[in-house]
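Trainee: Sharing a structure here in structure tokens format.
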Amino acid sequence: MTATKGYAAQNATDTLRPFDLTRRDAGPHDVQLEILYCGVCHSDLHQVRNEWVETWGKTSYPIVPGHEIVGRVTAVGDHVKKFKVGDTAGVGFLVDSCRECDNCRKGLEQFCRNGATCTFNNTDKHSGGITYGGYSKLIVVDEDFVLKISDKLPLANVAPLLCAGITTYSAMRHWKVGEGHKVAVVGLGGLGHMAVKFAASFGAEVTMLSTSPDKEKDARRLGAHHFSLTKNEGQLTALAGMFDFIIDTVSAAHGHNIYLNMLNTDGVMMCLGAPAEPLQIMGHLLSGGRKSLVGSSIGGLQETQEMLDYCADHNITSDVEIISMASINEAYERMLKGDVKYRFVIDMATIAPI
Ligand code: NAP
Ligand code: ZN
Ligand code: ZN
């Protein structure tokens with residue numbers, strides 16, 4: 001076992017504070033990473049504050065969040081083939097799955113029938129305890145769940161691709177978003193800004209729907225062709241029947257019916273956000289126009305690698321604000337206010353050395 005440093009919350013109302021933890025020694029198939037950067041996803045905050053009790057189950061404390069991890073390989077097991085010491089590598093939301101069920105065989109490890117192992121707040125098959133995530137200096141992960149990262153792109157800006165990137169990429173690839181489609185993205189945060197970048201890159205005409213007037217200029221810079229304020233009912237009524245796809249990335253309770261009304265015939269609204277509260281949907285807004293309300297969750301390992309390679313080829317990364325580990329609690333408060341441009345990324349060099 002190797003002792004290392006992280007940040008953890010001890011209960012749902014606690015702040016994140018320094019925490020000592022241990023990582024297993026690299027087994028034959030394991031890769032040990034020194035974590036350089038870790039993105040801050042709203043799912044970290046939901047789980048730290050125990051907001052997903054009804055869907056995900058109770059959070060296990062202490063919780064060390066973090067699942068947008070980029071690091072440098074510091075050790076590899078004897079049977080590791082893909083990585084060597086010194087390589088740059090990434091870890092996302094998953095660190096294991098059964099690898100045998102039909103979904104795992106199809107590359108849909110996120111839907112493993114036997115329960116995929118999440119990077120944090122999940123039962124750790126190795127220790128029997130709880131998995132600890134990327135708000136830490138070191139992590140050990142089976143090589144099948146470690147991604148190759150190109151050295152072409154700035155690493156801090158690559159980290160958010162491991163969750164915000166794959167979640168939006170996978171959903172849009174599954175529903176074949178592309179040339180000629182009119183796409184709306186709701187909420188310009190971590191997922192939202194990646195959705196805008198990918199939709200524009202896939203050739204769609206993109207409209208940003210935001211509660212924040214001050215984000216219009218950035219939305220256009222990120223690739224949106226149009227911008228509407230969701231607080232302005234007049235602007236929204238004019239969008240009725242307009243979109244082939246709506247990608248909803250909002251993290252808090254909000255109305256969905258207004259957006260269903262904006263879908264074109266056979267349009268698809270993708271719920272990627274995971275607010276704690278249940279949705280209230282008017283059925284006739286779906287049936288009139290044969291519309292679909294769908295969800296999607298991160299992406300499998302092969303597709304995550306495909307997305308990372310696509311980003312390296314097309315020079316796509318996340319727009320980030322790099323923070324120190326000690327500013328994480330302030331970052332959470334800003335994220336709750338929608339004050340994020342457009343992903344906080346923790347520089348792990350700011351955690352005290354071991
Ligand atoms: P984020 O960076 O905090 O962005 C959320 C954005 O939603 C905000 O910036 C804001 O954008 C908008 N918003 C916030 N509160 C709102 C409200 N009350 N009404 C309307 N709009 C509001 O969050 P994120 O990291 O992108 O995550 C978004 C959601 O996706 C979270 O619930 C997260 O857990 C979930 N998630 C799901 C998956 C998946 O696999 N499906 C993966 C990762 C994350 P504007 O200022 O533009 O309005
Ligand atoms: Zn995430
Ligand atoms: Zn499986």
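Here's how to read the names in the structure tokens: chain A, B, ... by the order shown, residue numbers from 1 in each chain, ligand numbers from 1 in the order shown.
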Where does DSSP see alpha helix (DSSP H) in range 11-244 of chain A, if you list the residues as number ranges by chain?
Mentor: A: 42-48, 102-105, 155-158, 164-174, 190-201, 216-222, 233-237
Trainee: List all protein, DNA and RNA residues that have an atom no more than 9 Å from any atom of ligand 3, counting only C-alpha atoms and all ligand atoms, and report them as a ChimeraX atom specification.
Mentor: /A:97-105,108-116
Trainee: What residues of the protein or nucleic acid chains come within 7 Å of ligand 2 when you use only C-alpha atoms and all ligand atoms? Reply as a tab-separated table (two decimals) with C-alpha atoms, in the first residue's frame.
Mentor:
```
chain	number	residue	atom	x	y	z
A	41	CYS	CA	-18.01	17.94	-12.17
A	42	HIS	CA	-21.39	18.82	-10.70
A	43	SER	CA	-21.83	15.07	-10.04
A	44	ASP	CA	-19.02	15.41	-7.46
A	67	HIS	CA	-13.53	11.54	-11.96
A	93	PHE	CA	-16.06	7.86	-14.10
A	163	CYS	CA	-16.66	13.14	-18.07
A	164	ALA	CA	-18.17	16.35	-19.49
```
Trainee: Given only C-alpha atoms as the basis, pick out the residue of A:Glu34, A:Asp214, A:Asp248, A:Glu179 nearest to Ala349 in chain A.
Mentor: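 Among A:Glu34, A:Asp214, A:Asp248, A:Glu179, it is A:Glu34 that comes nearest to Ala349 in chain A.
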Trainee: Could you name the residues that touch range 266-278 of chain A at 7 Å or less, counting only C-alpha atoms, but leaving out those on the same chain fewer than 6 positions away, as a list in words?
Mentor: Glu51, Trp52, Phe243, Asp244, Phe245, Ile246, Ile247, Asp248, Thr249, Val250, Ser251, Ala252, Ala253, Gly289, Arg290, Lys291, Ser292, Leu293, Val294, Gly295 and Ser296 of chain A
